[in-house]
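Chemist: Handing you this structure, nothing more for now.
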Amino acid sequence: MLSDSDSVARDVKAEQTGLLANLFGKVLDFSENGLFLVDSDRKVILWNEWMVQASSLGREEVMGAAFVEVFPDLKGKRIESVINAALDAHTASLLSRSLNKAIFPLYFSELGGENQRIEQSVTVKPIQSDGHDYCLVQITDVTPMVQREGVLRVLAKEAEAALEVAEEASRFKSEFTSTVSHELRTPLTSIRGSLGLIASGVMGELKPEIGRLISIACNNTERLLFLINDILDISKIESGKIGFVMGPVDLLAVLLQSIEANQAYGEQYEVRYVLNDVVGGITVYADTDRLMQVLNNLLSNAAKFSPKGVEVEINVIRKNKMVRVEVRDYGSGIPEQFKSRIFEKFSQADGSDTRKVGGTGLGLSISKAIVEQMGGVIGFNVPEGQGTIFYIDICLFKEK
Amino acid sequence: MLEISELQRDYITEILNISMGSAASVLSEMVSEEVALSIPEIDFLPRSVAAGKFDQTNMSKMSGVTQGISGAIYGDALLMFPEEKTLSIVRILLGEAVPVESLTEMEQEAMCEIGNIILNSVVSSIADILKKEIVSSLPRFIQGTGNEVFSVESSNHDDLVMFLKVDFGLESQSINGYVTLILNMDSLQDFITQLDEQINAIG
């Protein structure tokens with residue numbers, strides 16, 4: 001026998017359950033996703049507002065109907081089998097928009113306009129409650145994502161095409177430069193040879209005024225040849241036509257060799273090279289000849305731009321996985337407006353200097369190309385006091 | 001360490017390969033392209049050893065799909081490939097190449113679905129062997145090193161990992177990846193017991 005109070009309590013509980021069910025239904029209607037629930041008999045038992053709008057199927061048509069009656073076209077399709085798997089084997093599944101074009105027949109209801117199909121990503125999840133199995137199907141509108149990636153795809157393809165054009169142009173430029181330089185070098189070599197013979201006097205004594213002219217011609221031919229060799233060098237490095245023989249290199253040995261090679265050059269400018277804090281046993285990962293070329297360039301530059309009688313200092317500093325070689329001169333420093341262009345081709349601070357100190361204006365840009373090919377960095381600092389510090393950072397050699 | 005006999009190994013491999021076959025046919029149908037899937041090798045390894053195995057095989061950067069499993073056994077199921085292989089699998093299957101170096105959001109979602117199909121097959125076979133229910137959760141895209149993927153730092157090192165090598169055959173390429181199930185010890189013992197019962201039943 002049930003007492004009155006029992007039945008009242010039961011009624012209150014039933015009322016609360018009903019209220020809650022109503023509330024949950026409203027919450028689901030606010031969802032930005034499509035939601036529907038299928039029970040173990042494959043019947044639809046929940047259909048939220050999003051589904052009503054997108055499918056144009058009202059709850060009264062759908063509730064209690066079998067899934068394949070609601071979507072007859074989906075019979076035997078993957079979505080049906082994953083719903084079955086969720087109910088029978090409790091597996092959760094994802095149907096991506098990329099691998100399943102337009103899974104459900106769902107549309108945006110545009111006023112006046114043509115109905116557009118909603119791009120969908122669908123998840124199917126098993127739910128167990130009070131000993132019953134259900135399957136929750138959740139549909140996310142990924143239309144904005146599809147549009148975004150469409151734009152991305154177009155942009156990426158354009159960027160790729162632009163890069164190809166740029167690479168082609170750059171390849172053409174390098175090849176052109178290297179061919180022209182090569183063609184210029186051959187006749188120049190024979191001009192220099194002939195002029196040299198005349199200047200040496202073996203072809204007969206020269207009048208002093210002719211001798212002076214021949215000497216000017218000789219010097220300028222020489223300069224032109226240097227220039228062309230440098231251009232050839234840089235275009236080969238830039239186009240990657242020069243193979244670098246990378247390996248362990250004893251830094252100190254290369255430095256000493258480079259200083260020795262530049263000793264005579266330094267003496268022309270009355271400049272002496274000083275290697276500070278000599279530390280042996282530093283092995284770097286580099287191409288010996290190319291590293292030497294960079295060091296020679298830095299050392300000869302330093303001498304060129306130093307006042308007479310002062311020293312050029314060389315420092316070696318270990319930093320983590322790199323080692324820095326600094327070359328400091330006590331010259332007049334780099335003019336402010338020139339700092340940003342110093343590693344560019346054919347750049348020297350000013351015309352008068354060029355004439356005074358010689359050089360092609362390619363040395364630093366060749367050095368930069370070489371150092372970068374070897375995985376290093378080249379740069380300069382303006383120290384306290386006078387002068388400039390040029391430095392290169394190169395990788396230490398690490399044993400396997 | 002858990003030792004399994006040759007017979008047990010053969011039995012698991014056989015069952016898993018049957019379900020791989022059906023996963024492959026689902027995938028083939030979806031992309032109208034011949035897809036082959038097989039599991040040539042299986043192993044049981046501690047979590048840290050499994051992580052190390054990725055890193056050793058030059059696969060330090062991995063990406064793939066993970067989903068949680070619970071019920072008769074609980075843990076995580078993962079399908080992992082070297083990062084660039086994931087990229088080629090998705091792009092071959094989708095049949096369009098976006099010239100960017102990492103997977104887009106939608107490509108990641110597609111990869112999740114591919115992983116989901118494969119992992120669900122593996123998990124269902126194991127549920128069949130156990131004759132018990134295993135509930136799987138939704139797939140998630142993950143990437144990282146072996147250690148990160150297996151969260152070696154933060155979790156119990158003694159956990160055993162069921163380590164399955166997977167061959168993904170696509171357009172005459174064979175792409176190697178791994179399916180791993182990270183399971184706690186009790187689940188595994190139970191699994192082995194069930195396995196023995198079934199092998200004995202076959203005689």
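Chain labels A, B, ... are given in the sequence in which chains occur in the structure tokens; within each chain residues are numbered consecutively from 1, and ligands are likewise numbered from 1 in the order shown.
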Find the residues of chain A in contact range of chain B, meaning any atom within 12 Å when counting only C-alpha atoms, and list them as a short mmCIF file (atom, residue, chain, number, x, y, z; two decimals) with all heavy atoms, in the first residue's frame.

Modeler:
data_model
loop_
_atom_site.label_atom_id
_atom_site.label_comp_id
_atom_site.auth_asym_id
_atom_site.auth_seq_id
_atom_site.Cartn_x
_atom_site.Cartn_y
_atom_site.Cartn_z
N LYS A 77 25.07 3.73 -46.35
CA LYS A 77 26.24 4.62 -46.41
C LYS A 77 27.06 4.49 -45.13
O LYS A 77 26.62 3.93 -44.13
CB LYS A 77 25.78 6.08 -46.60
CG LYS A 77 25.16 6.34 -47.98
CD LYS A 77 26.26 6.50 -49.02
CE LYS A 77 25.76 6.37 -50.45
NZ LYS A 77 24.74 7.32 -50.81
N ARG A 78 28.26 5.10 -45.16
CA ARG A 78 29.17 5.01 -44.02
C ARG A 78 28.54 5.54 -42.73
O ARG A 78 28.74 4.98 -41.65
CB ARG A 78 30.46 5.76 -44.35
CG ARG A 78 31.50 5.65 -43.27
CD ARG A 78 32.88 6.03 -43.80
NE ARG A 78 33.59 6.91 -42.89
CZ ARG A 78 34.14 6.51 -41.74
NH1 ARG A 78 34.07 5.25 -41.39
NH2 ARG A 78 34.77 7.36 -40.97
N ILE A 79 27.77 6.63 -42.86
CA ILE A 79 27.18 7.21 -41.66
C ILE A 79 26.26 6.19 -40.97
O ILE A 79 26.26 6.08 -39.75
CB ILE A 79 26.44 8.55 -41.96
CG1 ILE A 79 25.84 9.18 -40.70
CG2 ILE A 79 25.34 8.38 -43.01
CD1 ILE A 79 26.83 9.76 -39.75
N SER A 81 26.61 2.93 -41.06
CA SER A 81 27.38 1.87 -40.42
C SER A 81 28.10 2.36 -39.16
O SER A 81 28.26 1.60 -38.21
CB SER A 81 28.34 1.20 -41.41
OG SER A 81 29.27 2.13 -41.86
N VAL A 82 28.51 3.65 -39.12
CA VAL A 82 29.16 4.10 -37.88
C VAL A 82 28.13 4.29 -36.76
O VAL A 82 28.46 4.11 -35.58
CB VAL A 82 30.04 5.36 -38.05
CG1 VAL A 82 31.19 5.10 -39.00
CG2 VAL A 82 29.25 6.57 -38.47
N ALA A 85 27.78 0.91 -35.47
CA ALA A 85 28.97 0.53 -34.70
C ALA A 85 28.93 1.19 -33.31
O ALA A 85 29.32 0.57 -32.32
CB ALA A 85 30.25 0.92 -35.44
N ALA A 86 28.43 2.42 -33.24
CA ALA A 86 28.35 3.10 -31.95
C ALA A 86 27.38 2.36 -31.03
O ALA A 86 27.64 2.19 -29.85
CB ALA A 86 27.92 4.55 -32.13
N LEU A 87 26.27 1.90 -31.60
CA LEU A 87 25.26 1.22 -30.79
C LEU A 87 25.67 -0.21 -30.44
O LEU A 87 25.42 -0.68 -29.34
CB LEU A 87 23.91 1.22 -31.52
CG LEU A 87 23.25 2.62 -31.62
CD1 LEU A 87 22.14 2.62 -32.66
CD2 LEU A 87 22.73 3.06 -30.25
N ASP A 88 26.32 -0.89 -31.38
CA ASP A 88 26.65 -2.30 -31.15
C ASP A 88 28.03 -2.48 -30.52
O ASP A 88 28.21 -3.33 -29.67
CB ASP A 88 26.62 -3.08 -32.48
CG ASP A 88 25.23 -3.03 -33.12
OD1 ASP A 88 24.25 -2.84 -32.36
OD2 ASP A 88 25.14 -3.17 -34.36
N ALA A 89 29.01 -1.71 -31.00
CA ALA A 89 30.39 -1.96 -30.54
C ALA A 89 30.93 -0.81 -29.69
O ALA A 89 32.09 -0.83 -29.28
CB ALA A 89 31.31 -2.20 -31.74
N HIS A 90 30.12 0.23 -29.46
CA HIS A 90 30.52 1.36 -28.62
C HIS A 90 31.73 2.10 -29.12
O HIS A 90 32.55 2.58 -28.34
CB HIS A 90 30.74 0.91 -27.17
CG HIS A 90 29.58 0.15 -26.63
ND1 HIS A 90 29.59 -1.20 -26.45
CD2 HIS A 90 28.33 0.55 -26.30
CE1 HIS A 90 28.41 -1.60 -26.02
NE2 HIS A 90 27.62 -0.55 -25.92
N THR A 91 31.86 2.17 -30.44
CA THR A 91 32.98 2.94 -30.97
C THR A 91 32.50 4.34 -31.36
O THR A 91 31.39 4.51 -31.85
CB THR A 91 33.59 2.28 -32.22
OG1 THR A 91 32.52 2.00 -33.12
CG2 THR A 91 34.31 1.02 -31.89
N ALA A 92 33.36 5.31 -31.10
CA ALA A 92 33.08 6.68 -31.50
C ALA A 92 33.71 6.91 -32.87
O ALA A 92 34.79 6.38 -33.14
CB ALA A 92 33.65 7.65 -30.49
N SER A 93 33.06 7.66 -33.73
CA SER A 93 33.62 7.88 -35.07
C SER A 93 33.55 9.34 -35.46
O SER A 93 32.72 10.10 -34.98
CB SER A 93 32.87 7.07 -36.12
OG SER A 93 32.99 5.70 -35.86
N LEU A 94 34.46 9.69 -36.36
CA LEU A 94 34.50 11.03 -36.91
C LEU A 94 34.36 10.92 -38.42
O LEU A 94 35.02 10.09 -39.05
CB LEU A 94 35.85 11.67 -36.57
CG LEU A 94 36.23 12.93 -37.35
CD1 LEU A 94 35.44 14.12 -36.85
CD2 LEU A 94 37.71 13.21 -37.21
N LEU A 95 33.49 11.70 -38.99
CA LEU A 95 33.40 11.77 -40.45
C LEU A 95 33.84 13.17 -40.85
O LEU A 95 33.16 14.14 -40.55
CB LEU A 95 31.96 11.49 -40.94
CG LEU A 95 31.60 10.00 -41.10
CD1 LEU A 95 31.50 9.31 -39.75
CD2 LEU A 95 30.32 9.82 -41.87
N SER A 96 35.02 13.24 -41.46
CA SER A 96 35.57 14.56 -41.79
C SER A 96 34.92 15.09 -43.04
O SER A 96 34.43 14.33 -43.87
CB SER A 96 37.08 14.44 -41.99
OG SER A 96 37.35 13.68 -43.13
N ARG A 97 34.98 16.41 -43.18
CA ARG A 97 34.34 17.01 -44.35
C ARG A 97 35.17 16.66 -45.62
O ARG A 97 34.61 16.43 -46.69
CB ARG A 97 34.17 18.50 -44.11
CG ARG A 97 34.77 19.45 -45.07
CD ARG A 97 33.99 19.60 -46.34
NE ARG A 97 35.02 19.82 -47.30
CZ ARG A 97 34.90 20.17 -48.54
NH1 ARG A 97 33.76 20.33 -49.05
NH2 ARG A 97 35.93 20.37 -49.29
N SER A 98 36.52 16.53 -45.47
CA SER A 98 37.34 16.30 -46.65
C SER A 98 37.12 14.92 -47.26
O SER A 98 37.19 14.74 -48.46
CB SER A 98 38.82 16.43 -46.32
OG SER A 98 39.04 17.62 -45.63
N LEU A 99 36.90 13.92 -46.39
CA LEU A 99 36.77 12.57 -46.92
C LEU A 99 35.31 12.17 -47.15
O LEU A 99 35.05 11.12 -47.72
CB LEU A 99 37.45 11.57 -45.97
CG LEU A 99 38.98 11.64 -45.96
CD1 LEU A 99 39.55 10.82 -44.82
CD2 LEU A 99 39.57 11.17 -47.28
N ASN A 100 34.37 12.99 -46.70
CA ASN A 100 32.95 12.69 -46.91
C ASN A 100 32.26 13.97 -47.36
O ASN A 100 31.92 14.81 -46.53
CB ASN A 100 32.28 12.25 -45.61
CG ASN A 100 33.06 11.17 -44.90
OD1 ASN A 100 32.83 9.98 -45.09
ND2 ASN A 100 34.00 11.57 -44.07
N LYS A 101 32.14 14.17 -48.62
CA LYS A 101 31.54 15.42 -49.09
C LYS A 101 30.05 15.41 -48.78
O LYS A 101 29.34 14.48 -49.15
CB LYS A 101 31.78 15.60 -50.59
CG LYS A 101 33.25 15.54 -50.98
CD LYS A 101 33.92 16.91 -51.03
CE LYS A 101 35.37 16.88 -50.55
NZ LYS A 101 36.30 16.10 -51.33
N GLU A 119 28.58 22.68 -45.36
CA GLU A 119 29.75 21.80 -45.27
C GLU A 119 29.80 21.25 -43.85
O GLU A 119 29.71 22.00 -42.88
CB GLU A 119 31.03 22.58 -45.55
CG GLU A 119 31.08 23.29 -46.89
CD GLU A 119 31.33 22.33 -48.04
OE1 GLU A 119 31.48 21.11 -47.78
OE2 GLU A 119 31.38 22.79 -49.20
N GLN A 120 29.96 19.91 -43.74
CA GLN A 120 29.80 19.32 -42.42
C GLN A 120 30.98 18.47 -41.97
O GLN A 120 31.64 17.83 -42.77
CB GLN A 120 28.57 18.39 -42.41
CG GLN A 120 27.30 19.04 -42.88
CD GLN A 120 26.35 18.04 -43.53
OE1 GLN A 120 26.23 16.91 -43.07
NE2 GLN A 120 25.70 18.46 -44.59
N SER A 121 31.16 18.51 -40.66
CA SER A 121 32.04 17.56 -40.03
C SER A 121 31.15 16.88 -38.97
O SER A 121 30.44 17.56 -38.24
CB SER A 121 33.20 18.33 -39.41
OG SER A 121 33.73 17.65 -38.34
N VAL A 122 31.17 15.55 -38.94
CA VAL A 122 30.18 14.84 -38.12
C VAL A 122 30.88 13.92 -37.12
O VAL A 122 31.83 13.20 -37.48
CB VAL A 122 29.25 13.99 -39.02
CG1 VAL A 122 28.29 13.17 -38.18
CG2 VAL A 122 28.47 14.90 -39.98
N THR A 123 30.45 13.99 -35.86
CA THR A 123 30.95 13.00 -34.90
C THR A 123 29.79 12.13 -34.42
O THR A 123 28.67 12.60 -34.29
CB THR A 123 31.60 13.66 -33.66
OG1 THR A 123 30.64 14.47 -33.01
CG2 THR A 123 32.79 14.50 -34.05
N VAL A 124 30.12 10.86 -34.18
CA VAL A 124 29.10 9.89 -33.77
C VAL A 124 29.62 9.22 -32.50
O VAL A 124 30.71 8.64 -32.51
CB VAL A 124 28.91 8.83 -34.89
CG1 VAL A 124 27.93 7.76 -34.45
CG2 VAL A 124 28.44 9.50 -36.17
N LYS A 125 28.87 9.37 -31.42
CA LYS A 125 29.38 8.88 -30.13
C LYS A 125 28.40 7.95 -29.44
O LYS A 125 27.21 8.24 -29.40
CB LYS A 125 29.61 10.06 -29.18
CG LYS A 125 30.96 10.71 -29.34
CD LYS A 125 31.06 11.91 -28.44
CE LYS A 125 31.69 11.52 -27.10
NZ LYS A 125 32.07 12.73 -26.35
N PRO A 126 28.91 6.84 -28.88
CA PRO A 126 28.03 5.96 -28.10
C PRO A 126 27.74 6.60 -26.74
O PRO A 126 28.62 7.20 -26.14
CB PRO A 126 28.86 4.70 -27.92
CG PRO A 126 30.27 5.16 -27.98
CD PRO A 126 30.31 6.36 -28.88
N ILE A 127 26.52 6.50 -26.28
CA ILE A 127 26.17 6.96 -24.94
C ILE A 127 25.44 5.83 -24.24
O ILE A 127 24.52 5.24 -24.84
CB ILE A 127 25.26 8.20 -25.00
CG1 ILE A 127 26.02 9.40 -25.57
CG2 ILE A 127 24.70 8.53 -23.60
CD1 ILE A 127 25.20 10.66 -25.62
N GLN A 128 25.86 5.50 -23.03
CA GLN A 128 25.14 4.48 -22.27
C GLN A 128 24.50 5.15 -21.07
O GLN A 128 25.15 5.92 -20.36
CB GLN A 128 26.08 3.37 -21.83
CG GLN A 128 26.46 2.46 -22.99
CD GLN A 128 27.62 1.57 -22.65
OE1 GLN A 128 28.72 2.04 -22.42
NE2 GLN A 128 27.36 0.26 -22.62
N ASP A 133 21.54 1.75 -24.63
CA ASP A 133 22.54 2.30 -25.54
C ASP A 133 21.90 3.35 -26.43
O ASP A 133 20.81 3.14 -26.98
CB ASP A 133 23.12 1.19 -26.41
CG ASP A 133 24.07 0.31 -25.62
OD1 ASP A 133 24.83 0.87 -24.81
OD2 ASP A 133 24.02 -0.93 -25.80
N GLN A 138 26.51 14.45 -33.86
CA GLN A 138 26.73 15.88 -33.73
C GLN A 138 27.31 16.43 -35.04
O GLN A 138 28.29 15.89 -35.55
CB GLN A 138 27.70 16.12 -32.57
CG GLN A 138 27.78 17.55 -32.18
CD GLN A 138 28.44 17.73 -30.82
OE1 GLN A 138 28.47 18.82 -30.33
NE2 GLN A 138 28.96 16.69 -30.21
N VAL A 142 31.24 23.45 -40.98
CA VAL A 142 32.62 23.86 -41.24
C VAL A 142 32.74 24.69 -42.51
O VAL A 142 33.82 24.83 -43.07
CB VAL A 142 33.59 22.65 -41.29
CG1 VAL A 142 33.74 22.03 -39.92
CG2 VAL A 142 33.15 21.61 -42.31
N THR A 143 31.62 25.24 -42.97
CA THR A 143 31.64 26.05 -44.19
C THR A 143 32.70 27.16 -44.14
O THR A 143 33.47 27.30 -45.10
CB THR A 143 30.25 26.65 -44.47
OG1 THR A 143 29.29 25.60 -44.36
CG2 THR A 143 30.17 27.27 -45.85
N PRO A 144 32.79 27.93 -43.03
CA PRO A 144 33.81 28.99 -43.01
C PRO A 144 35.23 28.43 -43.15
O PRO A 144 36.06 29.00 -43.84
CB PRO A 144 33.64 29.63 -41.62
CG PRO A 144 32.31 29.22 -41.14
CD PRO A 144 31.99 27.92 -41.79
N MET A 145 35.46 27.27 -42.52
CA MET A 145 36.79 26.66 -42.60
C MET A 145 37.10 26.23 -44.03
O MET A 145 38.21 26.42 -44.52
CB MET A 145 36.83 25.46 -41.65
CG MET A 145 38.19 24.85 -41.49
SD MET A 145 38.28 23.90 -39.96
CE MET A 145 37.75 22.30 -40.51
N VAL A 146 36.09 25.68 -44.71
CA VAL A 146 36.28 25.24 -46.10
C VAL A 146 36.63 26.45 -46.96
O VAL A 146 37.54 26.39 -47.79
CB VAL A 146 35.02 24.53 -46.62
CG1 VAL A 146 35.15 24.25 -48.11
CG2 VAL A 146 34.78 23.24 -45.86
N GLN A 147 35.91 27.56 -46.74
CA GLN A 147 36.19 28.76 -47.53
C GLN A 147 37.58 29.28 -47.24
O GLN A 147 38.34 29.62 -48.16
CB GLN A 147 35.14 29.84 -47.24
CG GLN A 147 33.81 29.51 -47.91
CD GLN A 147 32.64 30.28 -47.33
OE1 GLN A 147 32.77 30.95 -46.30
NE2 GLN A 147 31.50 30.18 -47.99
N ARG A 148 37.94 29.32 -45.95
CA ARG A 148 39.28 29.79 -45.56
C ARG A 148 40.36 28.98 -46.24
O ARG A 148 41.31 29.50 -46.80
CB ARG A 148 39.43 29.64 -44.05
CG ARG A 148 39.46 30.94 -43.32
CD ARG A 148 39.93 30.85 -41.88
NE ARG A 148 39.87 29.63 -41.17
CZ ARG A 148 38.88 29.25 -40.37
NH1 ARG A 148 37.81 30.02 -40.25
NH2 ARG A 148 38.94 28.14 -39.69
N GLU A 149 40.19 27.65 -46.21
CA GLU A 149 41.24 26.81 -46.78
C GLU A 149 41.26 26.89 -48.30
O GLU A 149 42.30 26.71 -48.92
CB GLU A 149 41.11 25.37 -46.29
CG GLU A 149 41.36 25.33 -44.80
CD GLU A 149 41.94 24.04 -44.29
OE1 GLU A 149 42.12 23.09 -45.08
OE2 GLU A 149 42.23 23.98 -43.09
N GLY A 150 40.12 27.19 -48.88
CA GLY A 150 40.07 27.42 -50.33
C GLY A 150 40.93 28.61 -50.68
O GLY A 150 41.77 28.55 -51.60
N VAL A 151 40.79 29.69 -49.90
CA VAL A 151 41.59 30.89 -50.12
C VAL A 151 43.07 30.57 -49.90
O VAL A 151 43.93 30.92 -50.70
CB VAL A 151 41.14 32.03 -49.17
CG1 VAL A 151 42.09 33.22 -49.26
CG2 VAL A 151 39.71 32.45 -49.49
N LEU A 152 43.34 29.84 -48.83
CA LEU A 152 44.72 29.47 -48.51
C LEU A 152 45.36 28.69 -49.67
O LEU A 152 46.49 28.92 -50.04
CB LEU A 152 44.74 28.60 -47.24
CG LEU A 152 46.09 28.00 -46.87
CD1 LEU A 152 47.02 29.06 -46.33
CD2 LEU A 152 45.94 26.87 -45.86
N ARG A 153 44.57 27.77 -50.22
CA ARG A 153 45.08 26.94 -51.30
C ARG A 153 45.46 27.81 -52.51
O ARG A 153 46.54 27.65 -53.08
CB ARG A 153 44.01 25.92 -51.68
CG ARG A 153 44.51 24.80 -52.52
CD ARG A 153 43.54 23.64 -52.52
NE ARG A 153 43.56 22.95 -51.24
CZ ARG A 153 42.48 22.57 -50.58
NH1 ARG A 153 41.28 22.82 -51.06
NH2 ARG A 153 42.59 21.95 -49.43
N VAL A 154 44.58 28.75 -52.84
CA VAL A 154 44.86 29.64 -53.97
C VAL A 154 46.10 30.47 -53.70
O VAL A 154 47.01 30.55 -54.53
CB VAL A 154 43.64 30.57 -54.23
CG1 VAL A 154 44.00 31.64 -55.25
CG2 VAL A 154 42.45 29.76 -54.70
N LEU A 155 46.17 31.04 -52.48
CA LEU A 155 47.32 31.88 -52.14
C LEU A 155 48.62 31.08 -52.17
O LEU A 155 49.64 31.54 -52.68
CB LEU A 155 47.13 32.49 -50.74
CG LEU A 155 46.09 33.59 -50.63
CD1 LEU A 155 45.98 34.07 -49.19
CD2 LEU A 155 46.44 34.75 -51.55
N ALA A 156 48.57 29.87 -51.62
CA ALA A 156 49.77 29.04 -51.57
C ALA A 156 50.25 28.72 -52.98
O ALA A 156 51.44 28.73 -53.27
CB ALA A 156 49.50 27.78 -50.79
N LYS A 157 49.28 28.46 -53.88
CA LYS A 157 49.67 28.13 -55.26
C LYS A 157 50.28 29.36 -55.94
O LYS A 157 51.27 29.24 -56.66
CB LYS A 157 48.46 27.62 -56.04
CG LYS A 157 48.11 26.21 -55.63
CD LYS A 157 47.37 25.45 -56.73
CE LYS A 157 47.21 23.98 -56.30
NZ LYS A 157 45.82 23.59 -56.17
N GLU A 158 49.67 30.52 -55.68
CA GLU A 158 50.21 31.75 -56.28
C GLU A 158 51.63 32.01 -55.78
O GLU A 158 52.51 32.37 -56.55
CB GLU A 158 49.32 32.95 -55.92
CG GLU A 158 48.08 33.02 -56.80
CD GLU A 158 47.11 34.11 -56.33
OE1 GLU A 158 47.46 34.87 -55.40
OE2 GLU A 158 46.02 34.18 -56.91
N ALA A 159 51.81 31.83 -54.47
CA ALA A 159 53.13 32.07 -53.89
C ALA A 159 54.16 31.14 -54.50
O ALA A 159 55.28 31.54 -54.81
CB ALA A 159 53.08 31.89 -52.37
N GLU A 160 53.75 29.90 -54.72
CA GLU A 160 54.67 28.92 -55.29
C GLU A 160 55.06 29.32 -56.71
O GLU A 160 56.23 29.26 -57.08
CB GLU A 160 53.99 27.55 -55.30
CG GLU A 160 54.96 26.41 -55.39
CD GLU A 160 54.22 25.07 -55.49
OE1 GLU A 160 53.14 25.02 -56.11
OE2 GLU A 160 54.71 24.10 -54.94
N ALA A 161 54.06 29.77 -57.48
CA ALA A 161 54.32 30.18 -58.85
C ALA A 161 55.25 31.39 -58.87
O ALA A 161 56.20 31.44 -59.65
CB ALA A 161 53.01 30.50 -59.57
#

Chemist: As a ChimeraX atom specification, please: all residues of range 140-339 of chain A that backbone DSSP puts in strand (DSSP E or B).

Modeler: /A:140-141,247-250,272-275,283-286,311-319,322-329

Chemist: Restricting the output to N, CA and C atoms, write the selected residues as a short mmCIF file (atom, residue, chain, number, x, y, z; two decimals), in the first residue's frame.

Modeler:
data_model
loop_
_atom_site.label_atom_id
_atom_site.label_comp_id
_atom_site.auth_asym_id
_atom_site.auth_seq_id
_atom_site.Cartn_x
_atom_site.Cartn_y
_atom_site.Cartn_z
N THR A 140 28.86 19.65 -37.12
CA THR A 140 29.45 20.98 -37.04
C THR A 140 29.48 21.59 -38.44
N ASP A 141 29.06 22.83 -38.53
CA ASP A 141 29.12 23.55 -39.80
C ASP A 141 30.54 24.04 -40.02
N GLY A 247 84.82 20.19 -43.41
CA GLY A 247 85.44 19.20 -42.54
C GLY A 247 86.04 19.89 -41.34
N PRO A 248 86.69 19.11 -40.47
CA PRO A 248 87.32 19.72 -39.30
C PRO A 248 88.54 20.55 -39.73
N VAL A 249 88.64 21.78 -39.22
CA VAL A 249 89.77 22.64 -39.58
C VAL A 249 90.36 23.21 -38.30
N ASP A 250 91.69 23.14 -38.18
CA ASP A 250 92.36 23.71 -37.01
C ASP A 250 92.41 25.22 -37.19
N ARG A 272 101.00 46.17 -38.63
CA ARG A 272 101.43 44.88 -38.10
C ARG A 272 100.22 44.12 -37.56
N TYR A 273 100.16 42.81 -37.80
CA TYR A 273 99.05 41.99 -37.28
C TYR A 273 99.41 41.40 -35.93
N VAL A 274 98.49 41.52 -34.97
CA VAL A 274 98.73 40.96 -33.64
C VAL A 274 97.61 39.99 -33.28
N LEU A 275 97.99 38.76 -32.98
CA LEU A 275 96.99 37.77 -32.58
C LEU A 275 96.95 37.70 -31.06
N THR A 283 88.77 23.44 -33.09
CA THR A 283 88.53 22.86 -34.41
C THR A 283 87.17 23.33 -34.90
N VAL A 284 87.16 23.95 -36.06
CA VAL A 284 85.89 24.45 -36.60
C VAL A 284 85.47 23.58 -37.79
N TYR A 285 84.20 23.72 -38.14
CA TYR A 285 83.67 22.96 -39.27
C TYR A 285 83.60 23.91 -40.46
N ALA A 286 84.51 23.74 -41.40
CA ALA A 286 84.62 24.71 -42.50
C ALA A 286 85.34 24.09 -43.70
N GLU A 311 98.49 48.85 -35.13
CA GLU A 311 98.34 47.40 -35.20
C GLU A 311 96.92 47.02 -35.62
N VAL A 312 96.82 45.85 -36.23
CA VAL A 312 95.50 45.24 -36.46
C VAL A 312 95.42 44.07 -35.49
N GLU A 313 94.38 44.07 -34.64
CA GLU A 313 94.28 43.03 -33.61
C GLU A 313 93.34 41.92 -34.04
N ILE A 314 93.75 40.69 -33.74
CA ILE A 314 92.90 39.53 -34.05
C ILE A 314 92.57 38.81 -32.74
N ASN A 315 91.29 38.62 -32.50
CA ASN A 315 90.86 37.92 -31.28
C ASN A 315 90.04 36.69 -31.63
N VAL A 316 90.19 35.67 -30.81
CA VAL A 316 89.37 34.47 -30.99
C VAL A 316 88.54 34.28 -29.73
N ILE A 317 87.21 34.20 -29.88
CA ILE A 317 86.33 34.07 -28.71
C ILE A 317 85.44 32.85 -28.90
N ARG A 318 85.43 31.97 -27.93
CA ARG A 318 84.53 30.80 -28.00
C ARG A 318 83.17 31.16 -27.46
N LYS A 319 82.14 30.78 -28.19
CA LYS A 319 80.77 31.03 -27.71
C LYS A 319 79.98 29.76 -27.97
N MET A 322 79.63 27.95 -31.29
CA MET A 322 80.28 28.70 -32.35
C MET A 322 81.61 29.25 -31.82
N VAL A 323 82.43 29.73 -32.77
CA VAL A 323 83.61 30.44 -32.36
C VAL A 323 83.65 31.72 -33.19
N ARG A 324 84.03 32.83 -32.53
CA ARG A 324 84.07 34.12 -33.22
C ARG A 324 85.51 34.53 -33.45
N VAL A 325 85.81 34.94 -34.68
CA VAL A 325 87.12 35.52 -34.97
C VAL A 325 86.89 37.00 -35.25
N GLU A 326 87.55 37.85 -34.46
CA GLU A 326 87.39 39.29 -34.62
C GLU A 326 88.66 39.89 -35.22
N VAL A 327 88.48 40.81 -36.16
CA VAL A 327 89.62 41.53 -36.71
C VAL A 327 89.36 43.02 -36.45
N ARG A 328 90.20 43.62 -35.62
CA ARG A 328 89.97 45.03 -35.26
C ARG A 328 91.01 45.94 -35.88
N ASP A 329 90.51 46.96 -36.55
CA ASP A 329 91.45 47.98 -37.04
C ASP A 329 91.22 49.27 -36.27
#

Chemist: Looking at only C-alpha atoms, which of B:Ala50, B:Leu16, B:Ile129, B:Ile39 is the one that sits closest to Glu148 in chain B?

Modeler: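 Nearest candidate to Glu148 in chain B out of B:Ala50, B:Leu16, B:Ile129, B:Ile39: B:Ala50.
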